[in-house]
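J.: Quick one: this structure, given as structure tokens, is what I'll be asking you about.
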Amino acid sequence: MTTIPGKRGLALLLIMACASFGASAQLAAPEKPIRMVVPLTAGSTVDAVARALGPGLGRTSGHPVVVENVAGAGGIPGTAQVVKAAKDGLTLGMISSNHVINPGIYKTIPYDSIRDITPIAVLATVPLVLVVNPKLPVRSLQELREYAKAHPGALNYGSAGNGSTLHLASELLISETGISMKHVPYRGTGPLITDLIGGQVQLAFVSVSQVVPQVNAGTLRALAVSTAVRSSALADVPTMVEAGVPGYSFDAWIALIGPAGLGKPLVNQYAAAVKTAMGSAQAQAAIAGQGLLMLDKGPDEAPAFFQSELIKHQKLVKQSGATLD
């Protein structure tokens, strides 16, 4: 995941819009803060969204929101803290789609990714874009397929690590097109992009917001975005469907959760605050400008979304062979 610029402006929008939360939120221990656990590193996309949302929730609930990063092991230790927390609304988690990938990657996880959480809202998706080193003589997905067929074993694709969303996005491409490529895992997207530009790997999926400058500068070439609609940040780049892969749709996503058993009135109040904030025209413009696509999935829709995403990702994980001890 990548850092989102303009966090201060988004935070102000969310503060103003979260007024709908109201003073009736039934939080315990009024003097205590709301702890929002981010199971990823500071500066990640998920972290930026959490820090933007935090001030608005704090102001409207009367509880200061403290964002705490508990990174490592695909987000499992941080999410475990949310799962084990008291069901009083004072501990929330801002998670990514790694949450439904991990059960296929790790043989043991100290919680159930579906039963042990309360989904509050799925906030946004993070579109990915397939980029290639410009020295690779392809300018479209069709040309990439033709090149791969004519040069078997020549293509290396990078990712942010085994089982990462970037890895699984590539595996879906392989599944849908029959392209033969070798996987080169990296420890994060920073070194991956460096080697993409340097030509050590020829192609990769990367979050749109992270490579717009490189695409505009011509140091990377964008072939297609992973989502069902185009990204406003790369409006001239077609979707995978438009590029000739009708069965392809993939994105990372960000969601707000609590521990299982969180009371429905409190969940609904949190969800209403988030929906109001994310539904404003200004917030939509701010997030679209950063490469994110907003979703409108509250506590009634989120459980089914989590379940379907779990099934989809487990299939891709099995295909990738990315299981870890």
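For the structure tokens, the naming scheme is as follows: chains receive sequential letters (A, B, ...) according to their order of presentation, residues are indexed from 1 within each chain, and ligands are indexed from 1 in presentation order.
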What lies within 12 Å of A:His183 using only C-alpha atoms, ignoring chain neighbours under 5 positions off, as an MDAnalysis selection string?
T.: chainID A and resid 153:164 166:171 174 192 201:205 320:322
J.: If you run DSSP on this backbone, which residues of stretch 80-324 of chain A come out as helix (DSSP H, G or I), and could you give them as an MDAnalysis selection string?
T.: chainID A and resid 80:83 98:105 141:150 165:177 189:198 208:217 232:234 264:279 281:289 302:320
J.: Can you pull out the residues contacting A:Leu136? Cut-off 12 Å, using only C-alpha atoms, and skip same-chain residues under 3 positions away; I want them as a list of chain:residue names.
T.: A:Val131, A:Val132, A:Asn133, A:Arg139, A:Ser140, A:Glu143, A:Leu144, A:Tyr147, A:Ala148, A:His151, A:Ala154, A:Leu155, A:Asn156, A:Leu196, A:Ile197, A:Gly198, A:Gly199, A:Gln200, A:Val201, A:Gln202, A:Leu203, A:Thr219, A:Leu220, A:Arg221, A:Ala222, A:Leu223
J.: Work out how far atom CA of A:Ile120 is from atom CA of A:Ala302, in Å to one decimal.
T.: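 Result for atom CA of A:Ala302 versus atom CA of A:Ile120: 7.2 Å, one decimal.
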J.: Select from stretch 83-191 of chain A everything DSSP, run on the backbone, classes as strand (DSSP E or B), then give the selection as an MDAnalysis selection string.
T.: chainID A and resid 91:96 106 117:126 128:132 156:159 182:185
J.: So that I have them on file, write out the residues from the current selection with N, CA and C atoms, as a PDB file, in the first residue's frame.
T.:
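Result saved to out.pdb:
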```pdb
ATOM      1  N   THR A  91     -12.662  -0.017  20.930  1.00  0.00           N
ATOM      2  CA  THR A  91     -11.586  -0.549  20.095  1.00  0.00           C
ATOM      3  C   THR A  91     -12.148  -0.899  18.728  1.00  0.00           C
ATOM      4  N   LEU A  92     -11.617  -0.261  17.705  1.00  0.00           N
ATOM      5  CA  LEU A  92     -11.994  -0.513  16.321  1.00  0.00           C
ATOM      6  C   LEU A  92     -10.749  -0.895  15.532  1.00  0.00           C
ATOM      7  N   GLY A  93     -10.962  -1.416  14.341  1.00  0.00           N
ATOM      8  CA  GLY A  93      -9.844  -1.748  13.473  1.00  0.00           C
ATOM      9  C   GLY A  93     -10.074  -1.222  12.076  1.00  0.00           C
ATOM     10  N   MET A  94      -9.041  -0.651  11.475  1.00  0.00           N
ATOM     11  CA  MET A  94      -9.099  -0.234  10.077  1.00  0.00           C
ATOM     12  C   MET A  94      -8.232  -1.214   9.302  1.00  0.00           C
ATOM     13  N   ILE A  95      -8.867  -2.092   8.541  1.00  0.00           N
ATOM     14  CA  ILE A  95      -8.164  -3.212   7.931  1.00  0.00           C
ATOM     15  C   ILE A  95      -8.188  -3.119   6.405  1.00  0.00           C
ATOM     16  N   SER A  96      -7.414  -3.975   5.786  1.00  0.00           N
ATOM     17  CA  SER A  96      -7.370  -4.061   4.332  1.00  0.00           C
ATOM     18  C   SER A  96      -7.833  -5.441   3.888  1.00  0.00           C
ATOM     19  N   TYR A 106      -1.586 -18.300   5.741  1.00  0.00           N
ATOM     20  CA  TYR A 106      -1.033 -18.832   6.990  1.00  0.00           C
ATOM     21  C   TYR A 106      -1.810 -20.067   7.434  1.00  0.00           C
ATOM     22  N   ILE A 117     -15.348 -10.960  13.968  1.00  0.00           N
ATOM     23  CA  ILE A 117     -15.361  -9.506  13.783  1.00  0.00           C
ATOM     24  C   ILE A 117     -16.791  -9.017  13.581  1.00  0.00           C
ATOM     25  N   THR A 118     -16.977  -7.720  13.756  1.00  0.00           N
ATOM     26  CA  THR A 118     -18.220  -7.042  13.393  1.00  0.00           C
ATOM     27  C   THR A 118     -17.901  -6.039  12.285  1.00  0.00           C
ATOM     28  N   PRO A 119     -18.275  -6.310  11.038  1.00  0.00           N
ATOM     29  CA  PRO A 119     -18.048  -5.335   9.971  1.00  0.00           C
ATOM     30  C   PRO A 119     -18.913  -4.098  10.186  1.00  0.00           C
ATOM     31  N   ILE A 120     -18.315  -2.931  10.090  1.00  0.00           N
ATOM     32  CA  ILE A 120     -19.046  -1.672  10.242  1.00  0.00           C
ATOM     33  C   ILE A 120     -19.252  -1.008   8.884  1.00  0.00           C
ATOM     34  N   ALA A 121     -18.198  -0.930   8.087  1.00  0.00           N
ATOM     35  CA  ALA A 121     -18.318  -0.310   6.766  1.00  0.00           C
ATOM     36  C   ALA A 121     -17.127  -0.695   5.908  1.00  0.00           C
ATOM     37  N   VAL A 122     -17.391  -0.962   4.643  1.00  0.00           N
ATOM     38  CA  VAL A 122     -16.324  -1.083   3.653  1.00  0.00           C
ATOM     39  C   VAL A 122     -16.214   0.286   2.999  1.00  0.00           C
ATOM     40  N   LEU A 123     -15.088   0.957   3.193  1.00  0.00           N
ATOM     41  CA  LEU A 123     -14.972   2.376   2.880  1.00  0.00           C
ATOM     42  C   LEU A 123     -14.586   2.664   1.435  1.00  0.00           C
ATOM     43  N   ALA A 124     -13.580   1.967   0.946  1.00  0.00           N
ATOM     44  CA  ALA A 124     -13.062   2.320  -0.380  1.00  0.00           C
ATOM     45  C   ALA A 124     -12.263   1.165  -0.951  1.00  0.00           C
ATOM     46  N   THR A 125     -12.116   1.183  -2.250  1.00  0.00           N
ATOM     47  CA  THR A 125     -11.227   0.244  -2.919  1.00  0.00           C
ATOM     48  C   THR A 125      -9.994   0.993  -3.400  1.00  0.00           C
ATOM     49  N   VAL A 126      -8.927   0.247  -3.552  1.00  0.00           N
ATOM     50  CA  VAL A 126      -7.650   0.809  -3.990  1.00  0.00           C
ATOM     51  C   VAL A 126      -7.353   0.223  -5.366  1.00  0.00           C
ATOM     52  N   LEU A 128      -5.690  -0.973  -8.712  1.00  0.00           N
ATOM     53  CA  LEU A 128      -4.337  -1.334  -9.114  1.00  0.00           C
ATOM     54  C   LEU A 128      -4.182  -1.090 -10.609  1.00  0.00           C
ATOM     55  N   VAL A 129      -2.952  -0.903 -11.036  1.00  0.00           N
ATOM     56  CA  VAL A 129      -2.680  -0.714 -12.461  1.00  0.00           C
ATOM     57  C   VAL A 129      -1.523  -1.617 -12.859  1.00  0.00           C
ATOM     58  N   LEU A 130      -1.659  -2.250 -14.007  1.00  0.00           N
ATOM     59  CA  LEU A 130      -0.585  -3.073 -14.549  1.00  0.00           C
ATOM     60  C   LEU A 130       0.378  -2.166 -15.305  1.00  0.00           C
ATOM     61  N   VAL A 131       1.606  -2.105 -14.824  1.00  0.00           N
ATOM     62  CA  VAL A 131       2.613  -1.259 -15.455  1.00  0.00           C
ATOM     63  C   VAL A 131       3.775  -2.120 -15.927  1.00  0.00           C
ATOM     64  N   VAL A 132       4.433  -1.640 -16.975  1.00  0.00           N
ATOM     65  CA  VAL A 132       5.595  -2.342 -17.518  1.00  0.00           C
ATOM     66  C   VAL A 132       6.751  -1.364 -17.659  1.00  0.00           C
ATOM     67  N   ASN A 156       9.320 -11.566 -16.132  1.00  0.00           N
ATOM     68  CA  ASN A 156       9.327 -11.630 -14.677  1.00  0.00           C
ATOM     69  C   ASN A 156       8.404 -10.542 -14.145  1.00  0.00           C
ATOM     70  N   TYR A 157       7.488 -10.913 -13.269  1.00  0.00           N
ATOM     71  CA  TYR A 157       6.629  -9.903 -12.655  1.00  0.00           C
ATOM     72  C   TYR A 157       6.944  -9.803 -11.162  1.00  0.00           C
ATOM     73  N   GLY A 158       6.888  -8.580 -10.652  1.00  0.00           N
ATOM     74  CA  GLY A 158       7.176  -8.349  -9.249  1.00  0.00           C
ATOM     75  C   GLY A 158       5.917  -8.170  -8.438  1.00  0.00           C
ATOM     76  N   SER A 159       6.050  -8.322  -7.129  1.00  0.00           N
ATOM     77  CA  SER A 159       4.946  -8.047  -6.214  1.00  0.00           C
ATOM     78  C   SER A 159       5.519  -7.568  -4.888  1.00  0.00           C
ATOM     79  N   LYS A 182       7.169 -15.396 -14.429  1.00  0.00           N
ATOM     80  CA  LYS A 182       7.821 -15.828 -13.196  1.00  0.00           C
ATOM     81  C   LYS A 182       7.638 -14.766 -12.124  1.00  0.00           C
ATOM     82  N   HIS A 183       7.286 -15.198 -10.914  1.00  0.00           N
ATOM     83  CA  HIS A 183       7.049 -14.282  -9.800  1.00  0.00           C
ATOM     84  C   HIS A 183       8.349 -13.950  -9.078  1.00  0.00           C
ATOM     85  N   VAL A 184       8.560 -12.644  -8.842  1.00  0.00           N
ATOM     86  CA  VAL A 184       9.695 -12.159  -8.056  1.00  0.00           C
ATOM     87  C   VAL A 184       9.133 -11.345  -6.895  1.00  0.00           C
ATOM     88  N   PRO A 185       9.081 -11.908  -5.684  1.00  0.00           N
ATOM     89  CA  PRO A 185       8.514 -11.177  -4.537  1.00  0.00           C
ATOM     90  C   PRO A 185       9.504 -10.185  -3.952  1.00  0.00           C
TER      91      PRO A 185
END
```
J.: Could you check which of A:Gly104, A:Pro39, A:Pro238, A:Leu262 is closest to A:Lys315, using only C-alpha atoms?
T.: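 Smallest distance to A:Lys315 is found for A:Gly104.
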J.: What gap, in Å, lies between atom CA of A:Val38 and atom CA of A:Glu68?
T.: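 Interatomic distance, atom CA of A:Val38 to atom CA of A:Glu68: 6.0 Å.
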J.: Determine, counting only C-alpha atoms, which protein, DNA and RNA residues have an atom within 6 Å of an atom of stretch 243-251 of chain A; residues of the same chain fewer than 4 positions away are not included. Present the result as a PyMOL selection string.
T.: chain A and resi 126-127+226-228
J.: Now that the selection is made, can you save its residues with N, CA, C and O atoms as a compact mmCIF listing (two decimals), in the first residue's frame?
T.:
```txt
# COMPACT_ATOMS: atom_id res chain seq x y z
N VAL A 126 -8.93 0.25 -3.55
CA VAL A 126 -7.65 0.81 -3.99
C VAL A 126 -7.35 0.22 -5.37
O VAL A 126 -6.88 -0.91 -5.47
N PRO A 127 -7.64 0.93 -6.44
CA PRO A 127 -7.41 0.39 -7.78
C PRO A 127 -5.93 0.10 -8.02
O PRO A 127 -5.05 0.85 -7.58
N SER A 226 -7.09 -2.48 -12.78
CA SER A 226 -7.65 -3.76 -12.36
C SER A 226 -9.14 -3.70 -12.06
O SER A 226 -9.79 -4.75 -11.96
N THR A 227 -9.69 -2.51 -11.90
CA THR A 227 -11.07 -2.36 -11.44
C THR A 227 -12.06 -2.37 -12.60
O THR A 227 -11.69 -2.26 -13.78
N ALA A 228 -13.35 -2.44 -12.25
CA ALA A 228 -14.40 -2.50 -13.27
C ALA A 228 -14.60 -1.17 -13.97
O ALA A 228 -15.18 -1.11 -15.06
```
J.: Counting only C-alpha atoms, which of A:Asn69, A:Ser61, A:Thr45, A:Thr194 gets nearest to A:Pro33?
T.: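 Looking at the shortest contact to A:Pro33, the residue is A:Ser61.
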J.: To one decimal place, how far is atom CA of A:Glu242 from atom CA of A:Pro152 in Å?
T.: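 A separation of 25.1 Å between them.
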J.: Would you list the contacts of A:Asp47 as a VMD selection string, taking every protein, DNA or RNA residue within 12 Å and counting only C-alpha atoms, but skipping same-chain residues closer than 2 positions in sequence?
T.: chain A and resid 1 to 5 7 36 to 45 49 to 54 66 to 71 93 to 96 254 to 256
J.: Of the candidates A:Arg59, A:Pro303, A:Asp88, A:Arg35, which one gets nearest to A:Leu266 if we count only C-alpha atoms?
T.: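 Nearest candidate to A:Leu266 out of A:Arg59, A:Pro303, A:Asp88, A:Arg35: A:Asp88.
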J.: I'd like to know which of A:Asp236, A:Thr177, A:Leu141, A:Gly258 is closest to A:Asp116, using only C-alpha atoms.
T.: A:Gly258
